[in-house]
Amino acid sequence: MRVYFLGCIFFLFFSCQQENVIVTEYNYFTADIWNKNSIKDKYVVYKALLEGDSLSIYKRDNGIRNKFKFALDAKGIYVVENKRRKLLYSFEKNVKILRDSSVTKSFYNEVELIEKKKYIINEVEYQIYHFLESDYDVTLDSYYLEGEGFICFYEFKGSEFLYLDSPKALEVYKIFSEDYSFNAVLQAEMMRENVLKSKEN
């Protein structure tokens, strides 16, 4: 998977920043998206370390490292450069953002919120935003869980799937992994099965 999605991970930690320096570690794992049992065999490919307001992202084996300043409000998620905010993700549906060249070094060229959905799990409400990001011939479905951050990335072209290994994200996964109306991975699987059926006929 291309490294563009790494920037997204930074926003996982916006709500975690505190005055006291606390070190927190989060991991993203890959799984065989066509085998729902494969989530049990987690293979971590990215690690995110938060130390106070400093976040470092490491890719397994080659140690990619990125740092960003960012901000979050009711309208969306921003990257902060030279004290100026640039909107990266809008929380308004069907607002397409064309990112400028200073941002596209780490993010896809375009992004749009295409859907949002609420899940109720054990009487707790989880609001998830589904963004579609694109860059030439590549698309990335990214899912943002309110209060937690980006929990899932799916690149259609390479059928590559990453998921956050955190208690909240895994709790949501129980429903998300079976929701054909919202989960782009399952929608791709359905398309794949339809193509195979049409070839057989």
# chains A, B, ... in the order shown; residues from 1 in each chain; ligands from 1
call {"tool": "select_by_dssp", "arguments": {"residues": "stretch 75-191 of chain A", "states": "strand (DSSP E)", "output": "short mmCIF file (atom, residue, chain, number, x, y, z; two decimals) with all heavy atoms, in the first residue's frame"}}
result
data_model
loop_
_atom_site.label_atom_id
_atom_site.label_comp_id
_atom_site.auth_asym_id
_atom_site.auth_seq_id
_atom_site.Cartn_x
_atom_site.Cartn_y
_atom_site.Cartn_z
N GLY A 76 -14.19 19.75 10.17
CA GLY A 76 -13.32 18.77 9.57
C GLY A 76 -11.96 18.66 10.25
O GLY A 76 -11.76 19.12 11.37
N ILE A 77 -11.03 18.07 9.51
CA ILE A 77 -9.67 17.83 9.99
C ILE A 77 -8.71 18.65 9.12
O ILE A 77 -8.84 18.67 7.90
CB ILE A 77 -9.31 16.34 9.89
CG1 ILE A 77 -10.31 15.50 10.67
CG2 ILE A 77 -7.89 16.09 10.41
CD1 ILE A 77 -10.20 14.01 10.40
N TYR A 78 -7.75 19.31 9.78
CA TYR A 78 -6.84 20.21 9.08
C TYR A 78 -5.39 19.81 9.34
O TYR A 78 -5.06 19.27 10.39
CB TYR A 78 -7.00 21.65 9.60
CG TYR A 78 -8.40 22.17 9.58
CD1 TYR A 78 -9.32 21.82 10.56
CD2 TYR A 78 -8.82 23.05 8.57
CE1 TYR A 78 -10.62 22.30 10.54
CE2 TYR A 78 -10.13 23.54 8.56
CZ TYR A 78 -11.01 23.16 9.54
OH TYR A 78 -12.30 23.65 9.53
N VAL A 79 -4.53 20.12 8.37
CA VAL A 79 -3.10 20.08 8.62
C VAL A 79 -2.68 21.54 8.84
O VAL A 79 -3.22 22.45 8.21
CB VAL A 79 -2.32 19.44 7.43
CG1 VAL A 79 -2.43 20.27 6.18
CG2 VAL A 79 -0.87 19.20 7.81
N VAL A 80 -1.75 21.76 9.76
CA VAL A 80 -1.32 23.11 10.09
C VAL A 80 0.11 23.31 9.60
O VAL A 80 1.02 22.58 10.00
CB VAL A 80 -1.40 23.37 11.61
CG1 VAL A 80 -0.95 24.79 11.93
CG2 VAL A 80 -2.81 23.13 12.12
N GLU A 81 0.28 24.28 8.71
CA GLU A 81 1.60 24.61 8.17
C GLU A 81 1.83 26.10 8.32
O GLU A 81 1.03 26.91 7.85
CB GLU A 81 1.71 24.22 6.69
CG GLU A 81 1.63 22.73 6.44
CD GLU A 81 1.72 22.40 4.95
OE1 GLU A 81 1.48 23.30 4.13
OE2 GLU A 81 2.03 21.25 4.63
N ARG A 84 -0.96 28.16 9.52
CA ARG A 84 -2.15 28.23 8.65
C ARG A 84 -2.78 26.85 8.56
O ARG A 84 -2.09 25.85 8.40
CB ARG A 84 -1.77 28.72 7.25
CG ARG A 84 -1.38 30.19 7.22
CD ARG A 84 -1.11 30.63 5.78
NE ARG A 84 -2.27 30.43 4.94
CZ ARG A 84 -2.19 30.24 3.62
NH1 ARG A 84 -1.03 30.19 3.01
NH2 ARG A 84 -3.30 30.07 2.92
N ARG A 85 -4.11 26.82 8.64
CA ARG A 85 -4.84 25.56 8.53
C ARG A 85 -5.21 25.26 7.09
O ARG A 85 -5.65 26.15 6.36
CB ARG A 85 -6.13 25.63 9.35
CG ARG A 85 -5.94 25.64 10.84
CD ARG A 85 -7.31 25.66 11.50
NE ARG A 85 -7.23 25.43 12.93
CZ ARG A 85 -8.27 25.11 13.69
NH1 ARG A 85 -9.46 24.97 13.13
NH2 ARG A 85 -8.13 24.92 14.98
N LYS A 86 -5.03 24.00 6.70
CA LYS A 86 -5.48 23.55 5.38
C LYS A 86 -6.41 22.37 5.61
O LYS A 86 -6.04 21.39 6.26
CB LYS A 86 -4.29 23.12 4.53
CG LYS A 86 -3.38 24.27 4.14
CD LYS A 86 -2.26 23.80 3.23
CE LYS A 86 -1.35 24.97 2.87
NZ LYS A 86 -0.25 24.55 1.99
N LEU A 87 -7.63 22.49 5.08
CA LEU A 87 -8.63 21.44 5.29
C LEU A 87 -8.25 20.18 4.52
O LEU A 87 -8.05 20.21 3.32
CB LEU A 87 -10.00 21.94 4.82
CG LEU A 87 -11.19 21.02 5.08
CD1 LEU A 87 -11.38 20.77 6.57
CD2 LEU A 87 -12.45 21.60 4.47
N LEU A 88 -8.14 19.08 5.26
CA LEU A 88 -7.79 17.80 4.66
C LEU A 88 -8.99 16.89 4.50
O LEU A 88 -9.10 16.15 3.53
CB LEU A 88 -6.74 17.08 5.53
CG LEU A 88 -5.31 17.55 5.40
CD1 LEU A 88 -4.44 16.78 6.37
CD2 LEU A 88 -4.79 17.35 3.99
N TYR A 89 -9.89 16.92 5.47
CA TYR A 89 -11.10 16.10 5.45
C TYR A 89 -12.26 16.94 5.94
O TYR A 89 -12.20 17.50 7.03
CB TYR A 89 -10.95 14.88 6.38
CG TYR A 89 -9.88 13.91 5.96
CD1 TYR A 89 -8.58 14.05 6.44
CD2 TYR A 89 -10.16 12.85 5.10
CE1 TYR A 89 -7.58 13.16 6.07
CE2 TYR A 89 -9.17 11.96 4.71
CZ TYR A 89 -7.88 12.13 5.20
OH TYR A 89 -6.90 11.24 4.82
N SER A 90 -13.30 17.03 5.12
CA SER A 90 -14.50 17.76 5.52
C SER A 90 -15.51 16.78 6.10
O SER A 90 -15.71 15.69 5.56
CB SER A 90 -15.11 18.48 4.32
OG SER A 90 -16.35 19.04 4.67
N LYS A 96 -16.01 17.92 -2.14
CA LYS A 96 -14.75 17.37 -2.67
C LYS A 96 -13.62 18.36 -2.40
O LYS A 96 -13.73 19.54 -2.72
CB LYS A 96 -14.86 17.11 -4.16
CG LYS A 96 -13.62 16.42 -4.73
CD LYS A 96 -13.81 16.04 -6.19
CE LYS A 96 -14.67 14.81 -6.31
NZ LYS A 96 -14.69 14.26 -7.68
N ILE A 97 -12.56 17.87 -1.79
CA ILE A 97 -11.40 18.70 -1.51
C ILE A 97 -10.28 18.33 -2.48
O ILE A 97 -9.89 17.16 -2.59
CB ILE A 97 -10.91 18.50 -0.06
CG1 ILE A 97 -12.00 18.91 0.94
CG2 ILE A 97 -9.63 19.28 0.19
CD1 ILE A 97 -11.67 18.55 2.37
N LEU A 98 -9.78 19.34 -3.20
CA LEU A 98 -8.61 19.16 -4.06
C LEU A 98 -7.41 19.69 -3.29
O LEU A 98 -7.31 20.90 -3.05
CB LEU A 98 -8.79 19.92 -5.39
CG LEU A 98 -10.03 19.53 -6.20
CD1 LEU A 98 -10.17 20.42 -7.43
CD2 LEU A 98 -9.93 18.07 -6.63
N GLU A 110 -7.27 14.01 -4.01
CA GLU A 110 -8.65 14.40 -3.76
C GLU A 110 -9.25 13.55 -2.65
O GLU A 110 -8.87 12.40 -2.45
CB GLU A 110 -9.50 14.19 -5.02
CG GLU A 110 -9.07 15.03 -6.20
CD GLU A 110 -9.93 14.77 -7.43
OE1 GLU A 110 -10.97 14.08 -7.29
OE2 GLU A 110 -9.57 15.26 -8.51
N VAL A 111 -10.22 14.14 -1.95
CA VAL A 111 -10.94 13.39 -0.91
C VAL A 111 -12.35 13.93 -0.79
O VAL A 111 -12.59 15.12 -1.00
CB VAL A 111 -10.20 13.47 0.45
CG1 VAL A 111 -10.14 14.90 0.97
CG2 VAL A 111 -10.87 12.56 1.47
N GLU A 112 -13.28 13.03 -0.49
CA GLU A 112 -14.67 13.41 -0.33
C GLU A 112 -15.33 12.50 0.69
O GLU A 112 -15.10 11.29 0.69
CB GLU A 112 -15.38 13.27 -1.68
CG GLU A 112 -16.83 13.68 -1.68
CD GLU A 112 -17.45 13.57 -3.06
OE1 GLU A 112 -16.74 13.20 -4.02
OE2 GLU A 112 -18.66 13.85 -3.16
N LEU A 113 -16.12 13.09 1.59
CA LEU A 113 -16.92 12.29 2.51
C LEU A 113 -18.13 11.79 1.74
O LEU A 113 -18.96 12.57 1.28
CB LEU A 113 -17.36 13.12 3.71
CG LEU A 113 -18.34 12.43 4.67
CD1 LEU A 113 -17.68 11.23 5.34
CD2 LEU A 113 -18.86 13.40 5.72
N ILE A 114 -18.23 10.47 1.57
CA ILE A 114 -19.33 9.95 0.77
C ILE A 114 -20.46 9.36 1.62
O ILE A 114 -21.57 9.20 1.14
CB ILE A 114 -18.84 8.91 -0.26
CG1 ILE A 114 -18.10 7.75 0.43
CG2 ILE A 114 -17.94 9.56 -1.28
CD1 ILE A 114 -17.74 6.63 -0.51
N GLU A 115 -20.16 9.06 2.86
CA GLU A 115 -21.21 8.48 3.70
C GLU A 115 -20.79 8.53 5.17
O GLU A 115 -19.61 8.55 5.49
CB GLU A 115 -21.43 7.02 3.29
CG GLU A 115 -22.71 6.41 3.78
CD GLU A 115 -22.95 5.03 3.20
OE1 GLU A 115 -22.13 4.53 2.41
OE2 GLU A 115 -23.99 4.44 3.56
N LYS A 116 -21.77 8.57 6.04
CA LYS A 116 -21.50 8.41 7.47
C LYS A 116 -22.58 7.53 8.08
O LYS A 116 -23.72 7.50 7.58
CB LYS A 116 -21.36 9.74 8.20
CG LYS A 116 -22.43 10.75 7.98
CD LYS A 116 -22.03 12.07 8.66
CE LYS A 116 -23.04 13.15 8.36
NZ LYS A 116 -22.67 14.42 9.01
N LYS A 117 -22.21 6.85 9.13
CA LYS A 117 -23.15 5.88 9.71
C LYS A 117 -22.91 5.76 11.20
O LYS A 117 -21.77 5.88 11.68
CB LYS A 117 -22.95 4.52 9.03
CG LYS A 117 -24.02 3.51 9.38
CD LYS A 117 -24.02 2.35 8.40
CE LYS A 117 -25.23 1.46 8.63
NZ LYS A 117 -25.32 0.38 7.63
N LYS A 118 -24.01 5.49 11.94
CA LYS A 118 -23.91 5.27 13.38
C LYS A 118 -24.19 3.81 13.69
O LYS A 118 -25.13 3.22 13.15
CB LYS A 118 -24.90 6.16 14.13
CG LYS A 118 -24.55 7.63 14.10
CD LYS A 118 -25.56 8.45 14.88
CE LYS A 118 -25.19 9.94 14.81
NZ LYS A 118 -26.20 10.77 15.49
N TYR A 119 -23.35 3.25 14.53
CA TYR A 119 -23.59 1.92 15.05
C TYR A 119 -23.86 2.05 16.55
O TYR A 119 -23.22 2.86 17.24
CB TYR A 119 -22.36 1.02 14.87
CG TYR A 119 -22.02 0.65 13.45
CD1 TYR A 119 -20.75 0.89 12.94
CD2 TYR A 119 -22.95 0.06 12.61
CE1 TYR A 119 -20.41 0.54 11.64
CE2 TYR A 119 -22.63 -0.29 11.31
CZ TYR A 119 -21.36 -0.04 10.83
OH TYR A 119 -21.05 -0.39 9.54
N ILE A 120 -24.79 1.27 17.06
CA ILE A 120 -25.03 1.20 18.51
C ILE A 120 -24.55 -0.16 18.98
O ILE A 120 -25.06 -1.19 18.55
CB ILE A 120 -26.53 1.37 18.85
CG1 ILE A 120 -27.10 2.63 18.21
CG2 ILE A 120 -26.74 1.36 20.37
CD1 ILE A 120 -26.55 3.92 18.77
N ILE A 121 -23.54 -0.15 19.84
CA ILE A 121 -22.97 -1.39 20.36
C ILE A 121 -22.96 -1.32 21.88
O ILE A 121 -22.34 -0.42 22.46
CB ILE A 121 -21.53 -1.61 19.84
CG1 ILE A 121 -21.51 -1.57 18.30
CG2 ILE A 121 -20.96 -2.93 20.33
CD1 ILE A 121 -20.12 -1.53 17.70
N VAL A 124 -23.71 1.97 23.35
CA VAL A 124 -22.76 3.06 23.07
C VAL A 124 -22.85 3.38 21.58
O VAL A 124 -22.89 2.49 20.74
CB VAL A 124 -21.31 2.64 23.43
CG1 VAL A 124 -20.33 3.75 23.06
CG2 VAL A 124 -21.21 2.31 24.91
N GLU A 125 -22.90 4.68 21.27
CA GLU A 125 -23.03 5.12 19.87
C GLU A 125 -21.65 5.36 19.27
O GLU A 125 -20.80 6.02 19.87
CB GLU A 125 -23.84 6.41 19.81
CG GLU A 125 -24.13 6.88 18.41
CD GLU A 125 -25.01 8.11 18.40
OE1 GLU A 125 -26.24 7.96 18.58
OE2 GLU A 125 -24.47 9.22 18.22
N TYR A 126 -21.44 4.82 18.08
CA TYR A 126 -20.19 4.99 17.34
C TYR A 126 -20.52 5.65 15.99
O TYR A 126 -21.24 5.07 15.18
CB TYR A 126 -19.51 3.64 17.08
CG TYR A 126 -19.05 2.93 18.33
CD1 TYR A 126 -19.92 2.12 19.06
CD2 TYR A 126 -17.73 3.06 18.78
CE1 TYR A 126 -19.49 1.46 20.20
CE2 TYR A 126 -17.30 2.40 19.92
CZ TYR A 126 -18.18 1.61 20.62
OH TYR A 126 -17.75 0.95 21.75
N GLN A 127 -19.99 6.84 15.76
CA GLN A 127 -20.21 7.55 14.49
C GLN A 127 -18.98 7.34 13.61
O GLN A 127 -17.85 7.66 13.99
CB GLN A 127 -20.40 9.04 14.74
CG GLN A 127 -20.48 9.90 13.49
CD GLN A 127 -21.81 9.76 12.77
OE1 GLN A 127 -22.85 10.16 13.29
NE2 GLN A 127 -21.78 9.18 11.59
N ILE A 128 -19.22 6.81 12.40
CA ILE A 128 -18.12 6.54 11.48
C ILE A 128 -18.33 7.33 10.19
O ILE A 128 -19.43 7.39 9.66
CB ILE A 128 -18.00 5.04 11.15
CG1 ILE A 128 -17.77 4.25 12.44
CG2 ILE A 128 -16.84 4.79 10.18
CD1 ILE A 128 -17.60 2.77 12.22
N TYR A 129 -17.24 7.92 9.70
CA TYR A 129 -17.23 8.67 8.45
C TYR A 129 -16.47 7.86 7.40
O TYR A 129 -15.36 7.39 7.67
CB TYR A 129 -16.55 10.03 8.63
CG TYR A 129 -17.21 10.93 9.64
CD1 TYR A 129 -16.93 10.80 11.01
CD2 TYR A 129 -18.09 11.93 9.24
CE1 TYR A 129 -17.55 11.62 11.94
CE2 TYR A 129 -18.70 12.76 10.17
CZ TYR A 129 -18.42 12.60 11.52
OH TYR A 129 -19.02 13.43 12.44
N HIS A 130 -17.06 7.73 6.22
CA HIS A 130 -16.42 7.00 5.13
C HIS A 130 -15.95 8.01 4.07
O HIS A 130 -16.75 8.65 3.41
CB HIS A 130 -17.41 6.01 4.51
CG HIS A 130 -16.87 5.27 3.34
ND1 HIS A 130 -17.68 4.56 2.48
CD2 HIS A 130 -15.60 5.11 2.86
CE1 HIS A 130 -16.95 4.00 1.53
NE2 HIS A 130 -15.68 4.34 1.74
N PHE A 131 -14.63 8.13 3.93
CA PHE A 131 -14.04 9.02 2.94
C PHE A 131 -13.54 8.21 1.75
O PHE A 131 -13.01 7.11 1.92
CB PHE A 131 -12.84 9.78 3.54
CG PHE A 131 -13.21 10.74 4.63
CD1 PHE A 131 -13.12 10.37 5.96
CD2 PHE A 131 -13.64 12.03 4.33
CE1 PHE A 131 -13.45 11.25 6.98
CE2 PHE A 131 -13.98 12.92 5.34
CZ PHE A 131 -13.88 12.53 6.67
N LEU A 132 -13.69 8.78 0.56
CA LEU A 132 -13.10 8.20 -0.63
C LEU A 132 -11.99 9.14 -1.10
O LEU A 132 -12.25 10.30 -1.41
CB LEU A 132 -14.14 8.02 -1.74
CG LEU A 132 -13.60 7.36 -3.02
CD1 LEU A 132 -13.12 5.93 -2.73
CD2 LEU A 132 -14.66 7.35 -4.10
N GLU A 133 -10.77 8.63 -1.12
CA GLU A 133 -9.63 9.41 -1.55
C GLU A 133 -9.14 8.87 -2.89
O GLU A 133 -9.22 7.68 -3.15
CB GLU A 133 -8.52 9.34 -0.50
CG GLU A 133 -9.02 9.69 0.89
CD GLU A 133 -7.92 9.85 1.90
OE1 GLU A 133 -6.91 10.51 1.59
OE2 GLU A 133 -8.07 9.32 3.02
N SER A 134 -8.64 9.75 -3.74
CA SER A 134 -8.19 9.30 -5.06
C SER A 134 -6.92 10.03 -5.48
O SER A 134 -6.68 11.17 -5.09
CB SER A 134 -9.29 9.49 -6.11
OG SER A 134 -9.67 10.85 -6.17
N ASP A 135 -6.15 9.33 -6.30
CA ASP A 135 -4.89 9.87 -6.80
C ASP A 135 -4.58 9.18 -8.11
O ASP A 135 -4.10 8.05 -8.13
CB ASP A 135 -3.78 9.62 -5.77
CG ASP A 135 -2.51 10.35 -6.11
OD1 ASP A 135 -2.56 11.57 -6.31
OD2 ASP A 135 -1.44 9.69 -6.18
N VAL A 138 -5.64 5.37 -8.53
CA VAL A 138 -5.72 4.66 -7.26
C VAL A 138 -6.79 5.30 -6.38
O VAL A 138 -6.92 6.52 -6.33
CB VAL A 138 -4.36 4.70 -6.52
CG1 VAL A 138 -4.45 3.96 -5.19
CG2 VAL A 138 -3.26 4.09 -7.38
N THR A 139 -7.57 4.46 -5.69
CA THR A 139 -8.53 4.98 -4.73
C THR A 139 -8.28 4.35 -3.36
O THR A 139 -7.81 3.21 -3.26
CB THR A 139 -9.99 4.68 -5.14
OG1 THR A 139 -10.17 3.28 -5.24
CG2 THR A 139 -10.33 5.36 -6.45
N LEU A 140 -8.59 5.10 -2.33
CA LEU A 140 -8.42 4.65 -0.96
C LEU A 140 -9.71 4.94 -0.20
O LEU A 140 -10.16 6.09 -0.15
CB LEU A 140 -7.25 5.37 -0.30
CG LEU A 140 -6.93 4.99 1.14
CD1 LEU A 140 -6.26 3.62 1.19
CD2 LEU A 140 -6.04 6.03 1.80
N ASP A 141 -10.32 3.91 0.36
CA ASP A 141 -11.47 4.11 1.26
C ASP A 141 -10.91 4.20 2.67
O ASP A 141 -10.22 3.28 3.13
CB ASP A 141 -12.42 2.91 1.16
CG ASP A 141 -13.16 2.88 -0.17
OD1 ASP A 141 -14.23 3.49 -0.25
OD2 ASP A 141 -12.64 2.26 -1.12
N SER A 142 -11.19 5.30 3.34
CA SER A 142 -10.71 5.48 4.71
C SER A 142 -11.88 5.73 5.63
O SER A 142 -12.81 6.47 5.27
CB SER A 142 -9.68 6.61 4.79
OG SER A 142 -10.12 7.75 4.12
N TYR A 143 -11.85 5.11 6.79
CA TYR A 143 -12.97 5.18 7.75
C TYR A 143 -12.49 5.82 9.05
O TYR A 143 -11.54 5.35 9.67
CB TYR A 143 -13.50 3.78 8.02
CG TYR A 143 -14.21 3.17 6.83
CD1 TYR A 143 -13.50 2.48 5.85
CD2 TYR A 143 -15.59 3.30 6.68
CE1 TYR A 143 -14.15 1.93 4.75
CE2 TYR A 143 -16.25 2.76 5.58
CZ TYR A 143 -15.52 2.07 4.62
OH TYR A 143 -16.17 1.54 3.54
N TYR A 144 -13.17 6.89 9.42
CA TYR A 144 -12.81 7.67 10.60
C TYR A 144 -13.86 7.46 11.69
O TYR A 144 -15.04 7.72 11.48
CB TYR A 144 -12.72 9.15 10.23
CG TYR A 144 -12.38 10.07 11.37
CD1 TYR A 144 -11.07 10.29 11.74
CD2 TYR A 144 -13.39 10.73 12.07
CE1 TYR A 144 -10.75 11.15 12.77
CE2 TYR A 144 -13.08 11.59 13.12
CZ TYR A 144 -11.77 11.79 13.46
OH TYR A 144 -11.47 12.64 14.49
N LEU A 145 -13.43 6.98 12.84
CA LEU A 145 -14.31 6.77 13.98
C LEU A 145 -14.21 7.97 14.90
O LEU A 145 -13.14 8.28 15.42
CB LEU A 145 -13.92 5.49 14.73
CG LEU A 145 -14.66 5.18 16.03
CD1 LEU A 145 -16.16 5.08 15.80
CD2 LEU A 145 -14.12 3.91 16.65
N GLY A 149 -10.35 8.11 15.70
CA GLY A 149 -9.49 8.41 14.57
C GLY A 149 -9.73 7.44 13.43
O GLY A 149 -10.73 6.75 13.39
N PHE A 150 -8.80 7.39 12.49
CA PHE A 150 -8.94 6.51 11.33
C PHE A 150 -8.69 5.07 11.77
O PHE A 150 -7.65 4.73 12.29
CB PHE A 150 -7.96 6.92 10.23
CG PHE A 150 -8.43 8.13 9.49
CD1 PHE A 150 -8.04 9.39 9.91
CD2 PHE A 150 -9.27 8.03 8.40
CE1 PHE A 150 -8.47 10.53 9.25
CE2 PHE A 150 -9.71 9.16 7.73
CZ PHE A 150 -9.33 10.41 8.15
N ILE A 151 -9.69 4.23 11.51
CA ILE A 151 -9.61 2.85 11.97
C ILE A 151 -9.40 1.86 10.84
O ILE A 151 -9.01 0.71 11.08
CB ILE A 151 -10.86 2.44 12.76
CG1 ILE A 151 -12.12 2.55 11.89
CG2 ILE A 151 -10.99 3.27 14.04
CD1 ILE A 151 -13.36 1.93 12.52
N CYS A 152 -9.65 2.29 9.59
CA CYS A 152 -9.58 1.33 8.49
C CYS A 152 -9.19 2.02 7.21
O CYS A 152 -9.65 3.14 6.92
CB CYS A 152 -10.94 0.64 8.33
SG CYS A 152 -11.02 -0.54 6.97
N PHE A 153 -8.35 1.36 6.41
CA PHE A 153 -7.95 1.82 5.09
C PHE A 153 -8.07 0.65 4.12
O PHE A 153 -7.62 -0.46 4.42
CB PHE A 153 -6.51 2.32 5.09
CG PHE A 153 -6.25 3.45 6.04
CD1 PHE A 153 -5.76 3.20 7.31
CD2 PHE A 153 -6.49 4.76 5.67
CE1 PHE A 153 -5.52 4.24 8.19
CE2 PHE A 153 -6.25 5.81 6.55
CZ PHE A 153 -5.77 5.54 7.82
N TYR A 154 -8.66 0.93 2.96
CA TYR A 154 -8.78 -0.13 1.95
C TYR A 154 -8.45 0.44 0.58
O TYR A 154 -9.11 1.37 0.10
CB TYR A 154 -10.20 -0.70 1.94
CG TYR A 154 -10.46 -1.63 0.78
CD1 TYR A 154 -9.68 -2.77 0.58
CD2 TYR A 154 -11.47 -1.36 -0.14
CE1 TYR A 154 -9.91 -3.62 -0.50
CE2 TYR A 154 -11.71 -2.21 -1.21
CZ TYR A 154 -10.93 -3.33 -1.38
OH TYR A 154 -11.14 -4.16 -2.45
N GLU A 155 -7.41 -0.08 -0.03
CA GLU A 155 -7.02 0.33 -1.38
C GLU A 155 -7.57 -0.68 -2.36
O GLU A 155 -7.17 -1.85 -2.36
CB GLU A 155 -5.50 0.44 -1.49
CG GLU A 155 -5.05 1.04 -2.80
CD GLU A 155 -3.54 1.13 -2.88
OE1 GLU A 155 -2.92 0.15 -3.34
OE2 GLU A 155 -2.99 2.17 -2.48
N GLU A 160 -5.72 -4.11 -0.85
CA GLU A 160 -4.97 -4.05 0.41
C GLU A 160 -5.83 -3.44 1.51
O GLU A 160 -6.49 -2.42 1.31
CB GLU A 160 -3.68 -3.26 0.21
CG GLU A 160 -2.71 -3.98 -0.72
CD GLU A 160 -1.41 -3.23 -0.86
OE1 GLU A 160 -1.31 -2.38 -1.74
OE2 GLU A 160 -0.49 -3.50 -0.05
N PHE A 161 -5.79 -4.05 2.67
CA PHE A 161 -6.68 -3.73 3.77
C PHE A 161 -5.88 -3.58 5.06
O PHE A 161 -5.09 -4.45 5.42
CB PHE A 161 -7.70 -4.86 3.90
CG PHE A 161 -8.58 -4.79 5.12
CD1 PHE A 161 -9.62 -3.90 5.19
CD2 PHE A 161 -8.37 -5.64 6.20
CE1 PHE A 161 -10.46 -3.85 6.31
CE2 PHE A 161 -9.19 -5.61 7.32
CZ PHE A 161 -10.24 -4.70 7.36
N LEU A 162 -6.05 -2.45 5.73
CA LEU A 162 -5.40 -2.22 7.02
C LEU A 162 -6.47 -1.88 8.05
O LEU A 162 -7.44 -1.18 7.74
CB LEU A 162 -4.41 -1.06 6.94
CG LEU A 162 -3.13 -1.29 6.15
CD1 LEU A 162 -2.36 0.02 6.05
CD2 LEU A 162 -2.27 -2.36 6.79
N TYR A 163 -6.27 -2.36 9.27
CA TYR A 163 -7.24 -2.08 10.32
C TYR A 163 -6.50 -1.77 11.61
O TYR A 163 -5.42 -2.30 11.88
CB TYR A 163 -8.18 -3.27 10.52
CG TYR A 163 -9.49 -2.87 11.17
CD1 TYR A 163 -10.52 -2.33 10.40
CD2 TYR A 163 -9.68 -2.99 12.53
CE1 TYR A 163 -11.72 -1.94 10.98
CE2 TYR A 163 -10.88 -2.60 13.12
CZ TYR A 163 -11.89 -2.08 12.34
OH TYR A 163 -13.07 -1.68 12.93
N LEU A 164 -7.10 -0.89 12.41
CA LEU A 164 -6.50 -0.47 13.67
C LEU A 164 -6.72 -1.51 14.75
O LEU A 164 -7.84 -1.97 14.98
CB LEU A 164 -7.10 0.87 14.10
CG LEU A 164 -6.63 1.41 15.45
CD1 LEU A 164 -5.15 1.73 15.44
CD2 LEU A 164 -7.43 2.64 15.83
#
call {"tool": "closest_residue", "arguments": {"among": "A:Ser101, A:Glu92, A:Glu148, A:Leu49", "to": "A:Leu170", "atoms": "only C-alpha atoms"}}
result
A:Glu148
call {"tool": "atom_distance", "arguments": {"atom1": "atom CA of A:Phe68", "atom2": "atom CA of A:Tyr26"}}
result
16.6 Å
call {"tool": "atom_distance", "arguments": {"atom1": "atom CA of A:Asn183", "atom2": "atom CA of A:Tyr28"}}
result
17.7 Å
